[in-house]
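Colleague: Sharing data04.tsv below, TSV, C-alpha atoms:
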```
chain	number	residue	atom	x	y	z
A	1	ASP	CA	132.03	149.02	305.70
A	2	ALA	CA	128.49	150.27	306.08
A	3	LYS	CA	127.09	149.67	309.55
A	4	THR	CA	123.49	149.58	308.37
A	5	THR	CA	121.18	147.11	306.64
A	6	GLN	CA	118.39	148.21	304.34
A	7	PRO	CA	116.04	146.40	301.95
A	8	THR	CA	117.28	146.46	298.39
A	9	SER	CA	114.10	147.90	296.92
A	10	MET	CA	110.61	149.10	297.78
A	11	ASP	CA	107.58	150.34	295.92
A	12	CYS	CA	105.07	152.95	297.01
A	13	ALA	CA	101.94	154.41	295.43
A	14	GLU	CA	101.94	158.12	294.71
A	15	GLY	CA	100.28	160.08	297.51
A	16	ARG	CA	100.78	157.33	300.06
A	17	ALA	CA	103.32	157.30	302.88
A	18	ALA	CA	106.63	155.63	302.15
A	19	ASN	CA	108.20	153.93	305.15
A	20	LEU	CA	111.84	152.99	304.67
A	21	PRO	CA	113.39	150.78	307.37
A	22	CYS	CA	117.01	150.60	308.45
A	23	ASN	CA	118.75	148.29	310.89
A	24	HIS	CA	121.80	149.54	312.78
A	25	SER	CA	122.14	147.06	315.61
A	26	THR	CA	125.78	147.94	316.38
A	27	ILE	CA	125.21	151.69	316.69
A	28	SER	CA	127.27	153.36	319.40
A	29	GLY	CA	125.96	155.81	321.97
A	30	ASN	CA	127.53	158.81	320.24
A	31	GLU	CA	126.44	157.91	316.73
A	32	TYR	CA	123.64	159.62	314.91
A	33	VAL	CA	121.44	158.19	312.18
A	34	TYR	CA	121.56	160.14	308.92
A	35	TRP	CA	119.44	159.71	305.83
A	36	TYR	CA	120.43	160.79	302.35
A	37	ARG	CA	118.89	160.09	298.98
A	38	GLN	CA	120.26	160.08	295.48
A	39	ILE	CA	118.10	160.70	292.47
A	40	HIS	CA	119.46	159.16	289.30
A	41	SER	CA	122.54	160.97	287.93
A	42	GLN	CA	122.52	163.58	290.70
A	43	GLY	CA	124.58	164.08	293.84
A	44	PRO	CA	123.28	162.71	297.16
A	45	GLN	CA	120.87	164.95	299.03
A	46	TYR	CA	120.77	165.24	302.81
A	47	ILE	CA	117.31	164.50	304.24
A	48	ILE	CA	117.39	164.29	308.02
A	49	HIS	CA	119.34	163.02	310.99
A	50	GLY	CA	118.66	162.13	314.62
A	51	LEU	CA	120.14	160.65	317.78
A	52	LYS	CA	117.34	159.09	319.78
A	53	ASN	CA	114.32	161.34	319.58
A	54	ASN	CA	112.04	161.32	316.59
A	55	GLU	CA	112.74	164.12	314.16
A	56	THR	CA	110.68	165.87	311.52
A	57	ASN	CA	111.50	168.44	308.88
A	58	GLU	CA	109.93	169.67	305.67
A	59	MET	CA	111.10	166.60	303.77
A	60	ALA	CA	110.52	163.66	306.09
A	61	SER	CA	110.14	162.19	309.55
A	62	LEU	CA	112.65	159.95	311.27
A	63	ILE	CA	111.48	157.42	313.84
A	64	ILE	CA	114.21	155.79	315.94
A	65	THR	CA	113.39	152.82	318.18
A	66	GLU	CA	113.99	153.14	321.88
A	67	ASP	CA	116.96	150.74	321.78
A	68	ARG	CA	118.29	152.70	318.75
A	69	LYS	CA	118.95	149.50	316.83
A	70	SER	CA	116.65	150.45	313.99
A	71	SER	CA	114.94	153.42	312.44
A	72	THR	CA	112.34	154.30	309.82
A	73	LEU	CA	112.33	157.19	307.40
A	74	ILE	CA	108.83	158.32	306.54
A	75	LEU	CA	107.93	160.32	303.46
A	76	PRO	CA	104.35	161.24	304.37
A	77	HIS	CA	102.97	161.82	300.85
A	78	ALA	CA	105.28	160.29	298.30
A	79	THR	CA	105.47	161.86	294.85
A	80	LEU	CA	107.03	160.59	291.63
A	81	ARG	CA	110.00	162.89	292.30
A	82	ASP	CA	110.75	160.92	295.46
A	83	THR	CA	111.88	157.96	293.34
A	84	ALA	CA	115.52	157.57	294.36
A	85	VAL	CA	118.00	155.44	296.25
A	86	TYR	CA	117.75	156.14	299.98
A	87	TYR	CA	120.78	155.67	302.20
A	88	CYS	CA	120.80	155.23	305.95
A	89	ILE	CA	124.15	156.05	307.58
A	90	VAL	CA	125.35	156.05	311.17
A	91	ARG	CA	128.10	158.41	312.17
A	92	ALA	CA	129.30	160.33	315.21
A	93	THR	CA	128.84	164.07	314.85
A	94	GLN	CA	131.77	164.91	317.07
A	95	GLY	CA	135.10	163.26	316.56
A	96	GLY	CA	135.51	160.15	314.51
A	97	SER	CA	135.85	160.02	310.78
A	98	GLU	CA	134.52	162.81	308.61
A	99	LYS	CA	133.72	160.52	305.74
A	100	LEU	CA	130.30	159.19	305.00
A	101	VAL	CA	130.09	155.45	304.40
A	102	PHE	CA	127.22	154.76	302.05
A	103	GLY	CA	125.88	151.22	301.87
A	104	LYS	CA	123.82	149.93	298.98
A	105	GLY	CA	120.69	151.77	300.09
A	106	THR	CA	117.05	151.14	299.22
A	107	LYS	CA	115.80	151.90	295.75
A	108	LEU	CA	112.38	153.43	296.26
A	109	THR	CA	110.08	153.53	293.26
A	110	VAL	CA	106.99	155.68	293.54
A	111	ASN	CA	104.32	154.50	291.14
A	112	PRO	CA	101.52	156.63	289.69
B	1	ASP	CA	119.75	176.92	300.66
B	2	VAL	CA	123.22	175.50	300.66
B	3	LYS	CA	124.65	175.48	297.20
B	4	VAL	CA	127.56	173.38	296.06
B	5	THR	CA	128.47	173.78	292.41
B	6	GLN	CA	130.87	171.81	290.26
B	7	SER	CA	132.52	173.20	287.18
B	8	SER	CA	131.29	170.61	284.72
B	9	ARG	CA	128.52	168.02	284.57
B	10	TYR	CA	130.22	165.98	281.88
B	11	LEU	CA	133.87	165.88	280.90
B	12	VAL	CA	135.78	163.79	278.37
B	13	LYS	CA	139.57	163.68	278.55
B	14	ARG	CA	142.35	161.62	277.05
B	15	THR	CA	144.76	159.36	278.86
B	16	GLY	CA	147.70	161.31	280.22
B	17	GLU	CA	145.96	164.68	280.31
B	18	LYS	CA	145.98	166.79	283.45
B	19	VAL	CA	142.42	167.29	284.64
B	20	PHE	CA	141.05	169.92	287.02
B	21	LEU	CA	137.69	169.51	288.71
B	22	GLU	CA	136.47	172.58	290.55
B	23	CYS	CA	133.99	172.79	293.40
B	24	VAL	CA	132.58	175.93	295.00
B	25	GLN	CA	130.29	176.23	298.03
B	26	ASP	CA	128.51	179.35	299.18
B	27	MET	CA	127.75	178.52	302.82
B	28	ASP	CA	131.09	179.33	304.43
B	29	HIS	CA	131.60	175.67	305.33
B	30	GLU	CA	134.91	174.68	306.80
B	31	ASN	CA	134.96	171.11	305.48
B	32	MET	CA	135.02	170.11	301.84
B	33	PHE	CA	135.23	166.64	300.33
B	34	TRP	CA	135.86	164.86	297.06
B	35	TYR	CA	134.30	161.44	296.49
B	36	ARG	CA	134.07	159.19	293.49
B	37	GLN	CA	131.12	156.93	292.86
B	38	ASP	CA	131.30	153.75	290.82
B	39	PRO	CA	128.65	151.06	290.27
B	40	GLY	CA	128.86	148.38	292.92
B	41	LEU	CA	131.49	150.28	294.94
B	42	GLY	CA	129.39	153.10	296.35
B	43	LEU	CA	130.96	156.42	297.33
B	44	ARG	CA	134.64	156.41	298.15
B	45	LEU	CA	136.41	159.35	299.74
B	46	ILE	CA	139.41	160.64	297.80
B	47	TYR	CA	140.46	163.68	299.85
B	48	PHE	CA	138.96	166.12	302.26
B	49	SER	CA	139.93	169.50	303.63
B	50	TYR	CA	138.99	170.97	306.98
B	51	ASP	CA	140.50	174.39	306.41
B	52	VAL	CA	142.19	176.53	303.81
B	53	LYS	CA	145.45	174.95	302.67
B	54	MET	CA	144.75	171.88	304.82
B	55	LYS	CA	144.04	168.48	303.34
B	56	GLU	CA	143.69	164.89	304.46
B	57	LYS	CA	143.89	161.74	302.37
B	58	GLY	CA	140.79	159.67	302.12
B	59	ASP	CA	140.54	156.03	301.17
B	60	ILE	CA	141.73	156.27	297.56
B	61	PRO	CA	144.07	159.27	297.11
B	62	GLU	CA	146.44	157.61	294.64
B	63	GLY	CA	146.54	159.40	291.31
B	64	TYR	CA	144.85	162.51	292.71
B	65	SER	CA	145.85	165.74	294.39
B	66	VAL	CA	143.82	168.62	295.76
B	67	SER	CA	144.10	172.34	296.31
B	68	ARG	CA	142.27	174.61	298.67
B	69	GLU	CA	143.52	178.18	298.40
B	70	LYS	CA	140.22	179.77	299.36
B	71	LYS	CA	137.60	178.61	301.83
B	72	GLU	CA	134.85	178.33	299.26
B	73	ARG	CA	136.80	176.47	296.59
B	74	PHE	CA	138.20	172.93	296.55
B	75	SER	CA	139.89	171.58	293.45
B	76	LEU	CA	140.58	167.97	292.54
B	77	ILE	CA	143.49	167.38	290.19
B	78	LEU	CA	144.21	164.28	288.16
B	79	GLU	CA	147.88	164.70	287.35
B	80	SER	CA	147.85	162.21	284.49
B	81	ALA	CA	144.40	160.86	283.76
B	82	SER	CA	143.98	157.14	283.27
B	83	THR	CA	141.04	155.09	282.05
B	84	ASN	CA	140.45	153.67	285.54
B	85	GLN	CA	139.67	157.18	286.70
B	86	THR	CA	136.54	157.24	284.59
B	87	SER	CA	133.87	157.82	287.21
B	88	MET	CA	131.31	160.14	288.73
B	89	TYR	CA	133.07	162.69	290.96
B	90	LEU	CA	131.12	164.28	293.77
B	91	CYS	CA	132.08	167.27	295.85
B	92	ALA	CA	130.53	167.94	299.25
B	93	SER	CA	130.84	170.48	302.03
B	94	SER	CA	129.88	170.61	305.68
B	95	THR	CA	130.23	172.78	308.72
B	96	GLN	CA	132.32	171.64	311.68
B	97	ALA	CA	129.55	172.48	314.12
B	98	GLY	CA	126.16	170.98	314.70
B	99	GLY	CA	125.07	167.94	312.75
B	100	ARG	CA	127.87	168.18	310.19
B	101	GLU	CA	125.58	166.97	307.48
B	102	GLN	CA	127.27	167.01	304.10
B	103	PHE	CA	125.80	168.85	301.15
B	104	PHE	CA	126.70	167.54	297.73
B	105	GLY	CA	127.15	169.09	294.34
B	106	PRO	CA	125.50	167.69	291.21
B	107	GLY	CA	128.52	165.62	290.26
B	108	THR	CA	130.91	165.54	287.31
B	109	ARG	CA	130.83	162.48	285.10
B	110	LEU	CA	134.38	162.12	283.83
B	111	THR	CA	135.26	159.82	280.96
B	112	VAL	CA	138.91	159.16	280.23
B	113	LEU	CA	139.55	157.70	276.79
```
Could you express the structure from this file as structure tokens?

Modeller:
Amino acid sequence: DAKTTQPTSMDCAEGRAANLPCNHSTISGNEYVYWYRQIHSQGPQYIIHGLKNNETNEMASLIITEDRKSSTLILPHATLRDTAVYYCIVRATQGGSEKLVFGKGTKLTVNP
Amino acid sequence: DVKVTQSSRYLVKRTGEKVFLECVQDMDHENMFWYRQDPGLGLRLIYFSYDVKMKEKGDIPEGYSVSREKKERFSLILESASTNQTSMYLCASSTQAGGREQFFGPGTRLTVL
């Protein structure tokens, strides 16, 4: 079972920041937060992951609360191509299961 | 960039046929995975491999087998295709070090008639 809770859907205007929340209140100390997205009819795409510090890469920023029970993925300037289902996943990087458990994710629609 | 390729984007087979789905990655990753994705059920792990000639069953291995003779290639085999194996099949790979993020191929949409 997925250990995360995300809103079913969100809308964002093109050019604006998209902020996608995720709750993971039962996260363990050795578990990281990963974000993937899946554009329609394509394979999932890795976006970013983090443990407790905020992370940024060329695609997005990840903000993790101090208690690590929730996080927010930020797409700073959303484009129409960012329309996709976004999945938040928690998983240990060392040990534990190799499989990814995808929940239902958030369907983000970027509007012109 | 990591590249994971799958042999076909779309495939149509008949019940009882033997089906081979091929996956190749070019990043020297140790781990490779086969998932299937169905509406309402999300991604489910079929098999994974953490080394050449090594394999582990995932959550739904029944009706499937795998082969990993070379590090870069991981094959999924449907010994006798059935209609309930109509699905989107996704291959992924990851390294065993660092973040172990998985990189996915484009998927193969298999229809079994």

Colleague: Per residue of chain A within 7 Å of chain B, note the shortest atom pair and the distance in Å to one decimal, counting all atoms listed in the file, and order the rows by chain and increasing residue number, as a tab-separated table.

Modeller:
```
residue	atom	partner	partner_atom	distance
A:Gln42	CA	B:Pro106	CA	5.1
A:Gly43	CA	B:Pro106	CA	4.6
A:Pro44	CA	B:Phe104	CA	5.9
A:Gln45	CA	B:Phe104	CA	6.5
A:Tyr46	CA	B:Phe103	CA	6.4
A:Thr93	CA	B:Gly99	CA	5.8
A:Lys99	CA	B:Leu45	CA	6.7
A:Phe102	CA	B:Leu43	CA	6.2
A:Gly103	CA	B:Gly42	CA	6.8
A:Lys104	CA	B:Gly42	CA	6.9
```

Colleague: If you keep C-alpha atoms, can you produce a file of those selected residues as an mmCIF file, in the coordinates of the input?

Modeller:
```
data_model
loop_
_atom_site.group_PDB
_atom_site.id
_atom_site.type_symbol
_atom_site.label_atom_id
_atom_site.label_comp_id
_atom_site.auth_asym_id
_atom_site.auth_seq_id
_atom_site.Cartn_x
_atom_site.Cartn_y
_atom_site.Cartn_z
ATOM 1 C CA GLN A 42 122.520 163.580 290.700
ATOM 2 C CA GLY A 43 124.580 164.080 293.840
ATOM 3 C CA PRO A 44 123.280 162.710 297.160
ATOM 4 C CA GLN A 45 120.870 164.950 299.030
ATOM 5 C CA TYR A 46 120.770 165.240 302.810
ATOM 6 C CA THR A 93 128.840 164.070 314.850
ATOM 7 C CA LYS A 99 133.720 160.520 305.740
ATOM 8 C CA PHE A 102 127.220 154.760 302.050
ATOM 9 C CA GLY A 103 125.880 151.220 301.870
ATOM 10 C CA LYS A 104 123.820 149.930 298.980
#
```

Colleague: How many Å lie between atom CA of B:Glu79 and atom CA of B:Lys53, rounded to one decimal?

Modeller: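 Taking atom CA of B:Glu79 as the start and atom CA of B:Lys53 as the end point, the length is 18.6 Å.
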
Colleague: Suppose you want the space between atom CA of A:Thr79 and atom CA of A:Glu14; what is it in Å?

Modeller: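 Here the two named atoms are 5.1 Å from each other.
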
Colleague: In terms of the shortest atom-to-atom distance over all atoms listed in the file, which of B:Glu30, B:Glu17, B:Glu22, B:Glu72 is closest to B:Asp51?

Modeller: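 Under the stated criterion, the closest residue is B:Glu30.
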
Colleague: With distances taken over all atoms listed in the file, which residue among A:Ala84, A:Ile89, A:Val110, A:Leu75 lies nearest A:Cys22?

Modeller: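 Using all atoms listed in the file, the shortest distance to A:Cys22 belongs to A:Ile89.
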
Colleague: So how far away is atom CA of A:Ala13 from atom CA of A:Leu80, in Å?

Modeller: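 Taking atom CA of A:Leu80 as the start and atom CA of A:Ala13 as the end point, the length is 8.9 Å.
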
Colleague: So which one's closest to A:Asp67, A:Ala18, A:Val90, A:Lys107, A:Asn23? Using only C-alpha atoms, please.

Modeller: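 Ranked by minimum distance to A:Asp67, first place goes to A:Asn23.
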
Colleague: List as a PyMOL selection string: which residues have an atom within 10 Å of (112.3, 164.8, 304.9), counting all atoms listed in the file?

Modeller: chain A and resi 35-36+46-49+55-62+73-76

Colleague: Using only C-alpha atoms, which residues sit within 10 Å of B:Ser65 once same-chain residues fewer than 2 positions away are excluded, as a ChimeraX atom specification?

Modeller: /B:20,46-47,55,57,61-63,67,75-79

Colleague: Could you give me, as a VMD selection string, the residues that have an atom at most 8 Å away from the point (137.4, 157.8, 289.1) in the coordinates of the file, using all atoms listed in the file?

Modeller: chain B and resid 36 to 38 84 to 89 110

Colleague: Would you save stretch 57-80 of chain A to a file, keeping N, CA and C atoms, as a short mmCIF file (atom, residue, chain, number, x, y, z; two decimals), in the first residue's frame?

Modeller:
```cif
data_model
loop_
_atom_site.label_atom_id
_atom_site.label_comp_id
_atom_site.auth_asym_id
_atom_site.auth_seq_id
_atom_site.Cartn_x
_atom_site.Cartn_y
_atom_site.Cartn_z
N ASN A 57 16.72 20.71 -8.33
CA ASN A 57 17.45 20.34 -9.54
C ASN A 57 16.85 21.10 -10.72
N GLU A 58 17.23 20.71 -11.92
CA GLU A 58 16.80 21.47 -13.09
C GLU A 58 15.32 21.34 -13.35
N MET A 59 14.68 20.37 -12.75
CA MET A 59 13.25 20.16 -13.01
C MET A 59 12.37 20.80 -11.94
N ALA A 60 12.79 20.70 -10.67
CA ALA A 60 11.87 21.08 -9.61
C ALA A 60 12.61 21.32 -8.30
N SER A 61 11.86 21.79 -7.31
CA SER A 61 12.34 21.90 -5.94
C SER A 61 11.48 21.04 -5.05
N LEU A 62 12.10 20.50 -4.02
CA LEU A 62 11.40 19.67 -3.05
C LEU A 62 11.58 20.30 -1.68
N ILE A 63 10.46 20.62 -1.05
CA ILE A 63 10.47 21.20 0.29
C ILE A 63 9.90 20.16 1.25
N ILE A 64 10.69 19.77 2.25
CA ILE A 64 10.25 18.78 3.23
C ILE A 64 10.12 19.48 4.58
N THR A 65 9.00 19.29 5.26
CA THR A 65 8.80 19.93 6.56
C THR A 65 9.79 19.38 7.58
N GLU A 66 9.98 20.15 8.62
CA GLU A 66 10.98 19.77 9.62
C GLU A 66 10.65 18.43 10.28
N ASP A 67 9.37 18.16 10.49
CA ASP A 67 8.99 16.87 11.09
C ASP A 67 8.92 15.74 10.06
N ARG A 68 9.16 16.09 8.81
CA ARG A 68 9.20 15.14 7.67
C ARG A 68 7.86 14.46 7.40
N LYS A 69 6.79 14.97 7.95
CA LYS A 69 5.50 14.32 7.74
C LYS A 69 4.81 14.80 6.48
N SER A 70 5.34 15.79 5.83
CA SER A 70 4.77 16.24 4.57
C SER A 70 5.84 16.91 3.72
N SER A 71 5.53 17.03 2.44
CA SER A 71 6.47 17.68 1.53
C SER A 71 5.69 18.35 0.41
N THR A 72 6.39 19.23 -0.31
CA THR A 72 5.78 19.92 -1.45
C THR A 72 6.76 19.91 -2.61
N LEU A 73 6.27 19.49 -3.75
CA LEU A 73 7.04 19.57 -4.98
C LEU A 73 6.68 20.88 -5.66
N ILE A 74 7.68 21.63 -6.06
CA ILE A 74 7.43 22.92 -6.70
C ILE A 74 8.00 22.92 -8.11
N LEU A 75 7.12 23.15 -9.07
CA LEU A 75 7.55 23.40 -10.45
C LEU A 75 7.50 24.91 -10.61
N PRO A 76 8.64 25.57 -10.69
CA PRO A 76 8.65 27.04 -10.55
C PRO A 76 7.91 27.79 -11.66
N HIS A 77 7.97 27.30 -12.87
CA HIS A 77 7.30 27.97 -14.00
C HIS A 77 6.64 26.90 -14.87
N ALA A 78 5.44 26.54 -14.48
CA ALA A 78 4.79 25.40 -15.14
C ALA A 78 4.53 25.69 -16.62
N THR A 79 4.72 24.67 -17.44
CA THR A 79 4.40 24.76 -18.86
C THR A 79 3.34 23.71 -19.19
N LEU A 80 2.78 23.81 -20.38
CA LEU A 80 1.74 22.85 -20.78
C LEU A 80 2.29 21.43 -20.76
#
```
